[in-house]
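What's in run09.cif: mmCIF, C-alpha atoms
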data_target
loop_
_atom_site.label_atom_id
_atom_site.label_comp_id
_atom_site.auth_asym_id
_atom_site.auth_seq_id
_atom_site.Cartn_x
_atom_site.Cartn_y
_atom_site.Cartn_z
CA MET U 1 6.60 12.78 -42.06
CA ASN U 2 9.57 15.14 -41.75
CA ARG U 3 11.40 16.05 -38.54
CA ARG U 4 9.39 19.22 -37.95
CA GLN U 5 6.05 17.41 -38.42
CA LEU U 6 7.22 14.61 -36.15
CA LEU U 7 8.16 17.07 -33.43
CA GLN U 8 4.83 18.90 -33.76
CA SER U 9 2.96 15.59 -33.55
CA THR U 10 5.05 14.59 -30.55
CA SER U 11 4.43 17.83 -28.67
CA CYS U 12 0.68 17.35 -29.05
CA GLY U 13 0.49 13.60 -28.62
CA PHE U 14 2.80 12.66 -25.80
CA GLY U 15 0.40 13.46 -22.98
CA TYR U 16 -0.71 9.83 -22.90
CA LEU U 17 2.80 8.74 -21.99
CA ALA U 18 2.29 10.21 -18.53
CA LEU U 19 0.23 7.10 -17.76
CA ALA U 20 3.27 5.45 -16.24
CA GLY U 21 2.75 7.74 -13.25
CA LEU U 22 6.23 9.19 -13.43
CA LEU U 23 5.83 12.52 -15.17
CA GLY U 24 3.75 14.25 -12.52
CA ARG U 25 6.03 13.23 -9.69
CA PRO U 26 7.47 15.51 -7.00
CA ARG U 27 10.57 17.32 -8.20
CA ALA U 28 13.99 15.95 -7.35
CA THR U 29 17.42 17.49 -7.58
CA ALA U 30 20.41 16.41 -9.63
CA ALA U 31 22.06 15.28 -6.39
CA SER U 32 19.46 12.53 -6.04
CA ALA U 33 20.61 10.73 -9.17
CA ASN U 34 22.34 7.41 -8.66
CA PRO U 35 23.96 6.44 -11.99
CA SER U 36 25.04 3.02 -10.69
CA ALA U 37 21.41 2.08 -10.01
CA LEU U 38 20.59 2.69 -13.65
CA ALA U 39 23.83 1.53 -15.23
CA ALA U 40 22.57 -1.98 -15.84
CA GLY U 41 19.65 -0.66 -17.92
CA ASN U 42 16.05 -0.91 -16.71
CA PRO U 43 15.90 0.23 -13.05
CA LEU U 44 12.85 -2.02 -12.54
CA SER U 45 14.72 -5.21 -13.45
CA ALA U 46 14.14 -7.96 -10.88
CA ARG U 47 16.90 -8.19 -8.28
CA GLN U 48 17.84 -10.83 -5.76
CA PRO U 49 16.95 -10.18 -2.09
CA HIS U 50 19.60 -10.08 0.63
CA PHE U 51 18.55 -13.53 1.87
CA GLU U 52 15.88 -16.13 1.16
CA ALA U 53 12.51 -14.44 1.14
CA LYS U 54 9.21 -15.65 2.58
CA ALA U 55 7.19 -13.25 0.42
CA LYS U 56 7.60 -12.09 -3.16
CA ARG U 57 5.04 -9.32 -3.25
CA VAL U 58 2.88 -7.10 -1.01
CA ILE U 59 -0.76 -6.03 -1.05
CA PHE U 60 -1.28 -3.20 1.44
CA PHE U 61 -4.81 -2.23 2.49
CA PHE U 62 -4.73 1.30 3.89
CA MET U 63 -7.86 2.09 5.88
CA GLN U 64 -7.53 5.86 6.00
CA GLY U 65 -8.87 7.64 9.06
CA GLY U 66 -7.88 5.36 11.93
CA PRO U 67 -10.11 2.27 12.32
CA SER U 68 -11.20 1.54 15.86
CA HIS U 69 -9.27 -1.49 17.07
CA LEU U 70 -11.68 -1.75 19.98
CA ASP U 71 -14.59 -2.49 17.67
CA THR U 72 -12.79 -4.74 15.21
CA PHE U 73 -9.74 -6.80 16.22
CA ASP U 74 -8.84 -6.02 19.85
CA HIS U 75 -11.20 -7.78 22.24
CA LYS U 76 -11.50 -5.98 25.58
CA PRO U 77 -13.96 -7.58 28.04
CA GLU U 78 -13.03 -5.04 30.72
CA LEU U 79 -14.05 -2.20 28.42
CA ILE U 80 -17.48 -3.81 28.16
CA ALA U 81 -17.71 -4.17 31.93
CA SER U 82 -16.51 -0.61 32.54
CA ALA U 83 -18.68 1.15 29.95
CA GLY U 84 -20.05 4.42 31.25
CA LYS U 85 -17.38 4.82 33.90
CA GLY U 86 -14.86 7.62 33.83
CA GLY U 87 -11.68 7.14 31.83
CA ASP U 88 -8.67 9.39 31.24
CA LYS U 89 -10.57 11.58 28.77
CA GLY U 90 -14.24 10.98 29.46
CA LYS U 91 -16.67 8.13 29.86
CA LEU U 92 -15.64 4.73 28.56
CA LEU U 93 -17.54 3.48 25.53
CA ALA U 94 -18.35 -0.20 25.10
CA PRO U 95 -17.46 -1.88 21.78
CA ALA U 96 -20.14 -1.39 19.17
CA PHE U 97 -19.90 -4.97 17.92
CA GLU U 98 -19.79 -8.33 19.63
CA PHE U 99 -16.57 -10.34 19.52
CA LYS U 100 -16.54 -14.10 19.01
CA PRO U 101 -13.80 -16.74 18.76
CA ARG U 102 -13.17 -17.59 15.11
CA GLY U 103 -11.61 -20.53 13.34
CA GLU U 104 -9.66 -23.36 14.94
CA SER U 105 -7.34 -20.78 16.51
CA GLY U 106 -10.20 -19.09 18.36
CA LEU U 107 -8.96 -15.66 17.32
CA MET U 108 -11.32 -13.00 18.65
CA ILE U 109 -12.78 -10.92 15.81
CA SER U 110 -15.84 -8.70 15.95
CA GLU U 111 -19.05 -9.40 14.08
CA ALA U 112 -18.32 -6.36 11.89
CA PHE U 113 -16.19 -8.68 9.71
CA PRO U 114 -18.15 -11.93 9.25
CA HIS U 115 -16.46 -12.85 5.95
CA LEU U 116 -12.94 -12.03 7.08
CA ALA U 117 -13.62 -14.02 10.26
CA GLY U 118 -13.67 -17.09 8.03
CA HIS U 119 -9.95 -16.48 7.46
CA ALA U 120 -9.09 -16.16 11.15
CA ASP U 121 -6.54 -18.96 10.91
CA ASP U 122 -4.70 -17.02 8.19
CA LEU U 123 -4.51 -13.76 10.15
CA CYS U 124 -1.80 -12.48 12.45
CA LEU U 125 -3.33 -9.71 14.56
CA LEU U 126 -0.85 -7.06 15.62
CA ASN U 127 -2.57 -5.73 18.73
CA GLY U 128 0.40 -3.81 20.14
CA MET U 129 0.83 -1.16 17.46
CA HIS U 130 1.65 2.45 18.29
CA THR U 131 2.86 5.49 16.40
CA ASP U 132 4.22 8.95 17.17
CA SER U 133 1.40 11.32 16.24
CA PRO U 134 -2.38 11.42 16.75
CA ALA U 135 -2.81 13.74 13.74
CA HIS U 136 -3.94 12.28 10.42
CA PRO U 137 -1.37 13.89 8.08
CA GLN U 138 1.67 13.13 10.24
CA ALA U 139 0.56 9.61 11.17
CA SER U 140 -0.36 8.75 7.57
CA ILE U 141 2.97 9.93 6.20
CA MET U 142 4.75 8.09 9.02
CA LEU U 143 2.98 4.83 8.13
CA HIS U 144 3.85 5.18 4.47
CA THR U 145 7.38 6.62 4.63
CA GLY U 146 8.76 6.09 8.16
CA SER U 147 9.07 9.83 8.77
CA GLN U 148 6.55 12.50 9.69
CA ASN U 149 8.91 15.46 9.49
CA PHE U 150 10.74 15.09 6.19
CA VAL U 151 9.94 14.08 2.63
CA ARG U 152 11.06 10.48 2.35
CA PRO U 153 10.45 7.62 -0.12
CA SER U 154 7.34 5.54 0.50
CA MET U 155 7.47 1.91 1.58
CA GLY U 156 6.33 0.79 -1.87
CA ALA U 157 9.10 2.82 -3.51
CA TRP U 158 11.76 1.36 -1.19
CA ILE U 159 10.59 -2.19 -1.87
CA THR U 160 10.53 -1.66 -5.63
CA TYR U 161 13.99 -0.07 -5.42
CA GLY U 162 15.25 -3.09 -3.50
CA LEU U 163 13.66 -5.85 -5.57
CA GLY U 164 12.56 -4.39 -8.90
CA THR U 165 9.62 -6.15 -10.53
CA SER U 166 9.12 -9.40 -12.38
CA ASN U 167 7.01 -7.95 -15.20
CA GLN U 168 8.82 -5.30 -17.20
CA ASP U 169 5.60 -4.33 -19.00
CA LEU U 170 3.97 -3.14 -15.78
CA PRO U 171 5.02 -0.69 -13.06
CA GLY U 172 6.61 -2.15 -9.96
CA PHE U 173 4.35 -0.19 -7.60
CA VAL U 174 0.65 0.57 -8.10
CA THR U 175 -1.63 2.53 -5.79
CA ILE U 176 -5.39 2.20 -6.25
CA ASP U 177 -7.59 5.14 -5.23
CA PRO U 178 -4.96 6.86 -3.04
CA VAL U 179 -5.97 9.70 -0.75
CA THR U 180 -5.07 13.16 -2.02
CA ASN U 181 -5.76 15.27 1.06
CA VAL U 182 -3.90 13.38 3.82
CA GLY U 183 -0.27 12.95 2.92
CA GLY U 184 -1.05 13.16 -0.77
CA ALA U 185 1.65 12.08 -3.20
CA GLN U 186 4.10 11.53 -0.34
CA ASN U 187 2.20 8.34 0.49
CA TYR U 188 3.33 6.78 -2.78
CA GLY U 189 6.21 9.04 -3.82
CA SER U 190 9.85 8.19 -4.41
CA ALA U 191 11.34 11.40 -2.92
CA PHE U 192 15.12 11.21 -3.51
CA LEU U 193 15.01 7.68 -4.94
CA PRO U 194 15.00 7.56 -8.75
CA ALA U 195 11.57 8.51 -10.00
CA SER U 196 11.04 5.09 -11.60
CA TYR U 197 10.15 3.69 -8.17
CA GLN U 198 7.20 5.99 -7.49
CA GLY U 199 3.71 4.48 -7.40
CA THR U 200 1.45 4.55 -10.44
CA ARG U 201 -2.05 5.79 -9.60
CA LEU U 202 -5.08 3.84 -10.77
CA SER U 203 -8.80 4.17 -10.11
CA ALA U 204 -10.90 1.20 -9.14
CA GLY U 205 -12.79 -0.35 -12.03
CA ALA U 206 -11.88 2.46 -14.40
CA ALA U 207 -9.95 2.09 -17.63
CA MET U 208 -6.56 3.74 -17.51
CA PRO U 209 -6.90 7.13 -19.26
CA ASN U 210 -5.07 7.84 -22.51
CA ILE U 211 -3.96 4.24 -22.90
CA LYS U 212 -4.66 4.13 -26.64
CA PRO U 213 -2.09 6.05 -28.75
CA PRO U 214 -3.49 8.63 -31.19
CA VAL U 215 -1.17 7.44 -33.96
CA SER U 216 -0.17 4.13 -35.53
CA GLY U 217 2.27 1.85 -33.72
CA ARG U 218 5.07 2.52 -36.23
CA GLN U 219 4.60 6.28 -36.10
CA GLN U 220 4.43 6.22 -32.32
CA ARG U 221 7.70 4.28 -32.10
CA ARG U 222 9.35 6.89 -34.34
CA GLN U 223 8.07 9.65 -32.09
CA ILE U 224 9.40 7.95 -28.99
CA ASP U 225 12.76 7.24 -30.58
CA LEU U 226 13.11 10.89 -31.58
CA VAL U 227 12.26 12.23 -28.13
CA GLN U 228 14.33 9.59 -26.35
CA GLY U 229 17.33 10.43 -28.52
CA MET U 230 17.07 14.06 -27.49
CA ASN U 231 16.59 13.12 -23.84
CA ARG U 232 19.61 10.82 -23.84
CA GLY U 233 21.68 13.50 -25.52
CA LEU U 234 20.70 15.94 -22.79
CA LEU U 235 21.48 13.34 -20.12
CA GLU U 236 24.97 12.85 -21.54
CA ARG U 237 25.60 16.61 -21.47
CA VAL U 238 24.42 17.21 -17.90
CA GLY U 239 25.51 13.90 -16.35
CA GLY U 240 23.34 11.88 -13.94
CA HIS U 241 19.95 13.56 -13.46
CA SER U 242 16.97 11.75 -11.94
CA GLU U 243 14.39 13.95 -13.69
CA ILE U 244 15.68 13.06 -17.14
CA GLU U 245 16.32 9.43 -16.24
CA GLY U 246 12.79 9.13 -14.90
CA ILE U 247 11.26 10.61 -18.06
CA ILE U 248 13.29 8.30 -20.31
CA GLU U 249 12.18 5.25 -18.38
CA SER U 250 8.57 6.46 -18.08
CA TYR U 251 8.23 6.76 -21.85
CA GLU U 252 9.52 3.25 -22.41
CA LEU U 253 7.41 1.79 -19.60
CA ALA U 254 4.33 3.60 -20.90
CA TYR U 255 4.94 2.22 -24.39
CA ARG U 256 5.12 -1.31 -23.03
CA MET U 257 2.13 -0.77 -20.76
CA GLN U 258 -0.14 0.02 -23.71
CA THR U 259 -0.13 -3.66 -24.54
CA ALA U 260 -0.02 -5.17 -21.05
CA VAL U 261 -2.28 -2.89 -19.00
CA PRO U 262 -5.65 -3.26 -20.80
CA GLY U 263 -5.62 -7.01 -20.26
CA VAL U 264 -4.80 -6.71 -16.55
CA MET U 265 -7.28 -3.90 -15.94
CA ASP U 266 -10.22 -5.45 -17.76
CA LEU U 267 -12.29 -7.32 -15.19
CA LYS U 268 -14.95 -8.41 -17.68
CA ASP U 269 -13.21 -11.67 -18.48
CA GLU U 270 -13.47 -12.75 -14.83
CA PRO U 271 -16.19 -15.41 -14.30
CA PRO U 272 -19.48 -14.07 -12.89
CA ALA U 273 -18.99 -16.24 -9.79
CA THR U 274 -15.65 -14.59 -9.11
CA GLN U 275 -17.08 -11.12 -9.52
CA GLU U 276 -19.95 -11.97 -7.19
CA ARG U 277 -17.48 -13.34 -4.64
CA TYR U 278 -15.77 -9.93 -4.55
CA GLY U 279 -19.10 -8.12 -4.26
CA ILE U 280 -18.85 -6.52 -7.71
CA GLY U 281 -22.25 -5.31 -8.81
CA ALA U 282 -23.57 -4.83 -5.27
CA LYS U 283 -23.95 -1.20 -4.19
CA GLU U 284 -21.94 -1.35 -0.95
CA THR U 285 -19.07 -3.50 -2.20
CA ASP U 286 -18.78 -2.76 -5.92
CA ARG U 287 -15.97 -0.21 -5.95
CA PHE U 288 -13.81 -1.80 -3.28
CA GLY U 289 -14.51 -5.23 -4.76
CA LYS U 290 -13.11 -4.00 -8.07
CA SER U 291 -10.07 -2.62 -6.23
CA CYS U 292 -9.41 -5.99 -4.60
CA LEU U 293 -9.83 -7.93 -7.81
CA MET U 294 -7.51 -5.49 -9.59
CA ALA U 295 -4.99 -6.00 -6.79
CA ARG U 296 -5.09 -9.77 -7.30
CA ARG U 297 -4.67 -9.44 -11.07
CA LEU U 298 -1.83 -6.93 -10.78
CA SER U 299 -0.02 -9.03 -8.16
CA GLU U 300 -0.45 -12.19 -10.18
CA ALA U 301 0.87 -10.39 -13.25
CA GLY U 302 4.10 -9.46 -11.44
CA VAL U 303 3.56 -6.07 -9.80
CA ARG U 304 5.73 -6.03 -6.68
CA PHE U 305 3.70 -3.70 -4.41
CA VAL U 306 -0.01 -2.94 -4.70
CA GLN U 307 -1.73 -0.54 -2.32
CA VAL U 308 -5.50 -0.30 -2.02
CA THR U 309 -7.00 2.59 -0.05
CA HIS U 310 -10.42 2.87 1.57
CA ARG U 311 -11.29 6.22 3.11
CA GLY U 312 -13.56 7.43 5.87
CA TRP U 313 -12.60 5.49 9.01
CA ASP U 314 -12.45 8.65 11.17
CA GLN U 315 -15.47 7.99 13.39
CA HIS U 316 -15.75 10.82 15.92
CA ASN U 317 -19.50 10.20 15.93
CA SER U 318 -22.04 7.66 14.65
CA LEU U 319 -19.39 4.97 15.03
CA THR U 320 -21.80 2.06 14.95
CA ALA U 321 -23.37 3.13 11.67
CA LYS U 322 -20.26 4.47 9.94
CA LEU U 323 -17.80 1.78 10.97
CA GLY U 324 -20.45 -0.80 10.15
CA ALA U 325 -20.82 0.67 6.66
CA ASN U 326 -17.06 0.69 6.14
CA ALA U 327 -16.78 -2.90 7.27
CA ARG U 328 -19.60 -4.02 4.98
CA ALA U 329 -17.89 -2.28 2.05
CA THR U 330 -14.54 -3.97 2.63
CA ASP U 331 -15.14 -7.24 4.49
CA LYS U 332 -16.43 -9.39 1.64
CA PRO U 333 -13.93 -8.12 -0.97
CA ILE U 334 -10.90 -8.63 1.29
CA ALA U 335 -12.08 -12.10 2.28
CA ALA U 336 -12.58 -12.89 -1.41
CA LEU U 337 -9.05 -11.75 -2.18
CA LEU U 338 -7.59 -14.00 0.52
CA THR U 339 -9.63 -16.94 -0.79
CA ASP U 340 -8.60 -16.18 -4.36
CA LEU U 341 -4.91 -15.93 -3.46
CA LYS U 342 -5.08 -19.18 -1.51
CA GLU U 343 -6.82 -21.07 -4.33
CA ARG U 344 -4.21 -19.85 -6.81
CA GLY U 345 -1.30 -20.79 -4.56
CA LEU U 346 -0.32 -17.14 -4.18
CA LEU U 347 -1.10 -16.44 -0.52
CA GLU U 348 1.95 -18.29 0.75
CA ASP U 349 4.28 -15.79 -0.93
CA THR U 350 2.02 -12.72 -0.98
CA LEU U 351 2.15 -10.58 2.16
CA VAL U 352 -1.19 -8.91 2.85
CA VAL U 353 -1.10 -5.93 5.23
CA TRP U 354 -4.21 -4.23 6.67
CA GLY U 355 -4.40 -1.13 8.85
CA GLY U 356 -4.79 2.59 9.29
CA GLU U 357 -2.59 5.38 10.59
CA PHE U 358 -3.70 4.89 14.23
CA GLY U 359 -6.62 3.61 16.34
CA ARG U 360 -9.33 5.08 18.57
CA SER U 361 -9.75 5.86 22.24
CA PRO U 362 -11.53 3.71 24.84
CA GLU U 363 -13.43 6.83 25.85
CA GLY U 364 -16.43 7.91 23.85
CA GLN U 365 -16.86 11.16 21.97
CA ASN U 366 -20.10 12.78 20.83
CA ARG U 367 -22.06 9.92 22.40
CA ASP U 368 -21.30 7.32 19.71
CA GLY U 369 -17.77 8.02 18.53
CA ARG U 370 -14.12 7.77 19.56
CA ARG U 371 -11.13 10.10 19.56
CA HIS U 372 -7.82 9.48 17.83
CA ASN U 373 -5.45 7.14 19.65
CA ASN U 374 -1.85 6.68 18.54
CA ARG U 375 -0.70 4.95 21.75
CA GLY U 376 -2.28 1.59 20.97
CA PHE U 377 -4.09 0.10 17.99
CA SER U 378 -4.30 -2.94 15.70
CA MET U 379 -3.19 -3.99 12.25
CA TRP U 380 -3.08 -7.45 10.72
CA LEU U 381 -0.91 -9.44 8.35
CA ALA U 382 -1.67 -12.56 6.34
CA GLY U 383 0.27 -14.87 4.03
CA GLY U 384 3.84 -14.15 2.99
CA GLY U 385 5.50 -16.30 5.66
CA VAL U 386 3.50 -14.97 8.62
CA LYS U 387 2.04 -17.26 11.27
CA GLY U 388 -1.73 -17.47 10.97
CA GLY U 389 -4.31 -17.65 13.73
CA MET U 390 -2.03 -15.61 15.95
CA ARG U 391 -2.47 -12.60 18.19
CA TYR U 392 0.79 -10.74 18.70
CA GLY U 393 1.07 -7.96 21.26
CA SER U 394 -1.63 -6.36 23.33
CA THR U 395 -2.94 -3.13 24.73
CA ASP U 396 -3.84 -2.50 28.35
CA PRO U 397 -7.14 -3.94 29.68
CA LEU U 398 -9.12 -0.97 28.36
CA GLY U 399 -7.29 -0.78 25.02
CA GLY U 400 -5.70 2.63 25.50
CA SER U 401 -1.97 1.90 25.22
CA ALA U 402 0.21 -0.89 23.82
CA VAL U 403 1.85 -2.79 26.67
CA GLU U 404 3.15 -6.09 25.20
CA GLY U 405 4.64 -7.04 21.86
CA ILE U 406 4.86 -3.34 21.11
CA MET U 407 5.46 -2.51 17.45
CA ASP U 408 6.01 0.98 16.14
CA THR U 409 6.03 1.96 12.48
CA HIS U 410 9.76 1.26 12.08
CA ASP U 411 9.29 -2.24 13.50
CA LEU U 412 6.45 -2.88 11.07
CA HIS U 413 8.57 -1.72 8.13
CA ALA U 414 11.56 -3.77 9.28
CA THR U 415 9.35 -6.86 9.52
CA VAL U 416 7.78 -6.35 6.10
CA LEU U 417 11.21 -5.93 4.52
CA HIS U 418 12.52 -9.00 6.33
CA LEU U 419 9.67 -11.14 4.98
CA LEU U 420 10.66 -9.95 1.49
CA GLY U 421 14.23 -11.05 2.10
CA LEU U 422 15.55 -7.54 2.66
CA ASP U 423 17.73 -6.47 5.59
CA HIS U 424 16.23 -3.14 6.62
CA THR U 425 19.66 -1.92 7.78
CA GLY U 426 21.20 -2.85 4.43
CA LEU U 427 18.57 -1.43 2.09
CA THR U 428 20.06 2.06 1.79
CA TYR U 429 20.36 4.89 -0.69
CA ARG U 430 23.02 7.56 -0.55
CA TYR U 431 21.64 11.09 -0.75
CA ALA U 432 22.98 14.46 0.37
CA GLY U 433 26.10 12.91 1.85
CA ARG U 434 24.55 10.16 3.95
CA ASP U 435 22.92 6.75 3.61
CA PHE U 436 19.17 6.73 4.13
CA ARG U 437 16.88 3.79 4.77
CA LEU U 438 13.15 3.21 5.29
CA THR U 439 13.58 2.54 9.01
CA ASP U 440 15.95 5.49 9.64
CA VAL U 441 18.16 4.28 12.53
CA TYR U 442 15.44 2.23 14.21
CA GLY U 443 13.39 -0.89 13.64
CA GLU U 444 13.27 -4.40 15.11
CA VAL U 445 11.99 -7.42 13.18
CA ALA U 446 9.10 -9.19 14.96
CA LYS U 447 10.59 -12.65 14.53
CA GLU U 448 7.92 -14.22 16.73
CA ILE U 449 5.31 -13.85 13.98
CA ILE U 450 7.40 -15.41 11.20
CA ALA U 451 6.43 -18.96 10.25
#

Please express the file's structure as structure tokens.
Amino acid sequence: MNRRQLLQSTSCGFGYLALAGLLGRPRATAASANPSALAAGNPLSARQPHFEAKAKRVIFFFMQGGPSHLDTFDHKPELIASAGKGGDKGKLLAPAFEFKPRGESGLMISEAFPHLAGHADDLCLLNGMHTDSPAHPQASIMLHTGSQNFVRPSMGAWITYGLGTSNQDLPGFVTIDPVTNVGGAQNYGSAFLPASYQGTRLSAGAAMPNIKPPVSGRQQRRQIDLVQGMNRGLLERVGGHSEIEGIIESYELAYRMQTAVPGVMDLKDEPPATQERYGIGAKETDRFGKSCLMARRLSEAGVRFVQVTHRGWDQHNSLTAKLGANARATDKPIAALLTDLKERGLLEDTLVVWGGEFGRSPEGQNRDGRRHNNRGFSMWLAGGGVKGGMRYGSTDPLGGSAVEGIMDTHDLHATVLHLLGLDHTGLTYRYAGRDFRLTDVYGEVAKEIIA
């Protein structure tokens, strides 16, 4: 094959190399390039944390829509007693599900999560969460990036930038079934960080598209070498440029992923008992069960940050039925993941994070629903050096506002970074003349929850 034929073949056949998730990224400017970050070679090379870490990796469950803390993880007896009375914005609505003490710790968890309740002694409930905005787009972007007003790198991108990844044949950051209409690519983007740190999108239980090259391995390597030579020549002429650097790295990562990804993605070699444990094959739990099992396999294989999204927690009406359906779809798979991680000795250094962008109001809406509530809500952590069987923080007696152990988004991010051995004030990136960080100029580590 001559040079012209090789170029023609390359122009038609290189679409599959976009599988690394880096070619369709948001545009960056030349000013965002950081040559020193790439000088050592692969920007995803594993790096040492600032101090000894409790956790090595993160699995983040994003429950998009704002799960009701009052019906799941924040027990409010006074809300039950006051149901039907007037609140700040209408009549108070009793919790839709009964709460019971779970595990040796007696942690109060609602009957909506019977499987997860079996892991009560592994959970740290964060009942004093609050955030700045009650609007889905702003609150979602805030949770993922630490800013609701500006385009900033996502938490997964910052963590991958700070620590790299331990498997150079896989991306450092994977997002499974991300939302496209609320925050979109900002939720897993790299913004001004080098594009190599952006999340790679996957779909639950689906084979990665275009993973098989249309040419032989030798011919493909020749194609890549030709294109990479031209890209590197261009990079030398223009100087540091994140767009070009990202494309160069994406091609090489994609080439390596063609061997590594099929084995990680293929769930068929998992024992039937394991698949049943995750709810794979059952109508309600199949898709999310596949997401959770993929998350375990990716994490075990060395991916630093895995995000799994479940949509539809915005219950303005029919809360009992809709929240119940959401819980049934996610409860068994998440519990299976925690069990799986524990049995494999991975839970102790895997930080699992669960939560949505905000919570719901104590007052009812449309008879059986709740309004948005950013003033107080719940998330939970497990593994990764966090104390289990613990309730940290609280809302007022009716569950409307956080009053103790208050954690905002910056505090959550600072705590996650700390568990990974990263000083949130020291993990910075210089852009447009100033040093940026995930927590902006805020953030306090919740040291009380660290084991």

*Show which residues sit within 6 Å of region 196-203 of chain U, as a ChimeraX atom specification. Count all atoms listed in the file, and ignore same-chain residues fewer than 2 positions away.*
/U:21,157,160,173-177,188-190,194,206,246

*asked:* For this structure, which residues satisfy the selection - the PyMOL selection byres ((chain U and resi 393-401) around 7) - when it is evaluated on the file as given? I want them as a ChimeraX atom specification.
replied: /U:70,76,78-79,126-128,361-362,375-376,391-392,402-406

*Please, what distance in Å, to one decimal, runs between CA of Arg57 (chain U) and CA of Arg304 (chain U)?*
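A separation of 4.8 Å between them.
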
*Nearest candidate to Glu249 (chain U) (options U:Pro134, U:Gly388, U:Pro171, U:Pro114; using all atoms listed in the file)*: U:Pro171

*Just the residues within 9 Å of His418 (chain U), please, counting all atoms listed in the file, with nothing from its chain fewer than 6 positions along; format it as a ChimeraX atom specification.*
/U:51,53-54,424,445

Go ahead and save the residues from that selection, with C-alpha atoms, as a PDB file, in the frame of the given file.
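For reference, out_27.pdb as written:
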ATOM      1  CA  PHE U  51      18.550 -13.530   1.870  1.00  0.00           C
ATOM      2  CA  ALA U  53      12.510 -14.440   1.140  1.00  0.00           C
ATOM      3  CA  LYS U  54       9.210 -15.650   2.580  1.00  0.00           C
ATOM      4  CA  HIS U 424      16.230  -3.140   6.620  1.00  0.00           C
ATOM      5  CA  VAL U 445      11.990  -7.420  13.180  1.00  0.00           C
TER       6      VAL U 445
END

*Nearest to Val441 (chain U): which of U:His310, U:Asp74, U:Thr415, U:Ser147 is it, counting all atoms listed in the file?*
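Closest residue, counting all atoms listed in the file: U:Ser147.
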
*Between CA of Gly162 (chain U) and CA of Pro333 (chain U), what is the spacing in Å?*
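Straight-line distance from CA of Pro333 (chain U) to CA of Gly162 (chain U) works out to 29.7 Å.
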
_With the PyMOL selection byres ((chain U and resi 448) around 10) as the selection, what would be picked from this file? Answer as number ranges by chain, please._
U: 386-387, 392, 405, 445-447, 449-451

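Closest to Arg221 (chain U) among U:Asp122, U:Asp435, U:Glu252, U:Asp132 is U:Glu252, based on all atoms listed in the file.
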
*State, in Å with one decimal place, the distance from CA of Gly184 (chain U) to CA of Ala325 (chain U).*
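For CA of Gly184 (chain U) relative to CA of Ala325 (chain U), the distance reads 24.5 Å.
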
*Counting all atoms listed in the file, which of U:Val264, U:Met129, U:Ile80, U:Ala336 gets nearest to Gly355 (chain U)?*
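Ranked by minimum distance to Gly355 (chain U), first place goes to U:Met129.
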
*When the PyMOL selection byres ((chain U and resi 364-371) around 7) is applied to the file above, which residues end up in the set, as a list in words?*
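Answer for the PyMOL selection byres ((chain U and resi 364-371) around 7): Gly90, Lys91, Leu92, Leu93, Gln315, His316, Asn317, Ser318, Leu319, Arg360, Ser361, Pro362, Glu363, His372 and Asn373 of chain U.
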
Written file, previous selection with C-alpha atoms, as a short mmCIF file (atom, residue, chain, number, x, y, z; two decimals), keeping the file's coordinate frame:
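What follows is the written file out-v7.cif:
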data_model
loop_
_atom_site.label_atom_id
_atom_site.label_comp_id
_atom_site.auth_asym_id
_atom_site.auth_seq_id
_atom_site.Cartn_x
_atom_site.Cartn_y
_atom_site.Cartn_z
CA GLY U 90 -14.24 10.98 29.46
CA LYS U 91 -16.67 8.13 29.86
CA LEU U 92 -15.64 4.73 28.56
CA LEU U 93 -17.54 3.48 25.53
CA GLN U 315 -15.47 7.99 13.39
CA HIS U 316 -15.75 10.82 15.92
CA ASN U 317 -19.50 10.20 15.93
CA SER U 318 -22.04 7.66 14.65
CA LEU U 319 -19.39 4.97 15.03
CA ARG U 360 -9.33 5.08 18.57
CA SER U 361 -9.75 5.86 22.24
CA PRO U 362 -11.53 3.71 24.84
CA GLU U 363 -13.43 6.83 25.85
CA HIS U 372 -7.82 9.48 17.83
CA ASN U 373 -5.45 7.14 19.65
#

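Nearest residue to Glu52 (chain U), choosing from U:Ala83, U:Leu235, U:Ala135, U:Leu417 and counting all atoms listed in the file: U:Leu417.
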
*asked:* Can you tell me which residues surround Lys342 (chain U) at a distance of at most 12 Å, considering all atoms listed in the file, apart from same-chain residues fewer than 6 positions away, and format the answer as a list in words?
replied: His119, Asp122, Arg296, Ala335, Ala336, Glu348, Asp349, Thr350, Leu351, Val352, Ala382, Gly383 and Gly384 of chain U

Any chance you can output those residues with C-alpha atoms as a CSV table (one decimal), keeping the file's coordinate frame?
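Result file again-v1.csv:
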chain,number,residue,atom,x,y,z
U,119,HIS,CA,-10.0,-16.5,7.5
U,122,ASP,CA,-4.7,-17.0,8.2
U,296,ARG,CA,-5.1,-9.8,-7.3
U,335,ALA,CA,-12.1,-12.1,2.3
U,336,ALA,CA,-12.6,-12.9,-1.4
U,348,GLU,CA,2.0,-18.3,0.8
U,349,ASP,CA,4.3,-15.8,-0.9
U,350,THR,CA,2.0,-12.7,-1.0
U,351,LEU,CA,2.2,-10.6,2.2
U,352,VAL,CA,-1.2,-8.9,2.8
U,382,ALA,CA,-1.7,-12.6,6.3
U,383,GLY,CA,0.3,-14.9,4.0
U,384,GLY,CA,3.8,-14.2,3.0

*Point out the residue among U:Leu381, U:Val227, U:Ala81, U:Ala112 with the least atom-to-atom distance to Thr330 (chain U), counting all atoms listed in the file.*
U:Ala112

*Can you list, as an MDAnalysis selection string, every protein, DNA or RNA residue that comes within 7 Å of Met63 (chain U) when you count only C-alpha atoms, leaving out same-chain residues fewer than 3 positions away?*
chainID U and resid 66:67 309:311 313 355:356
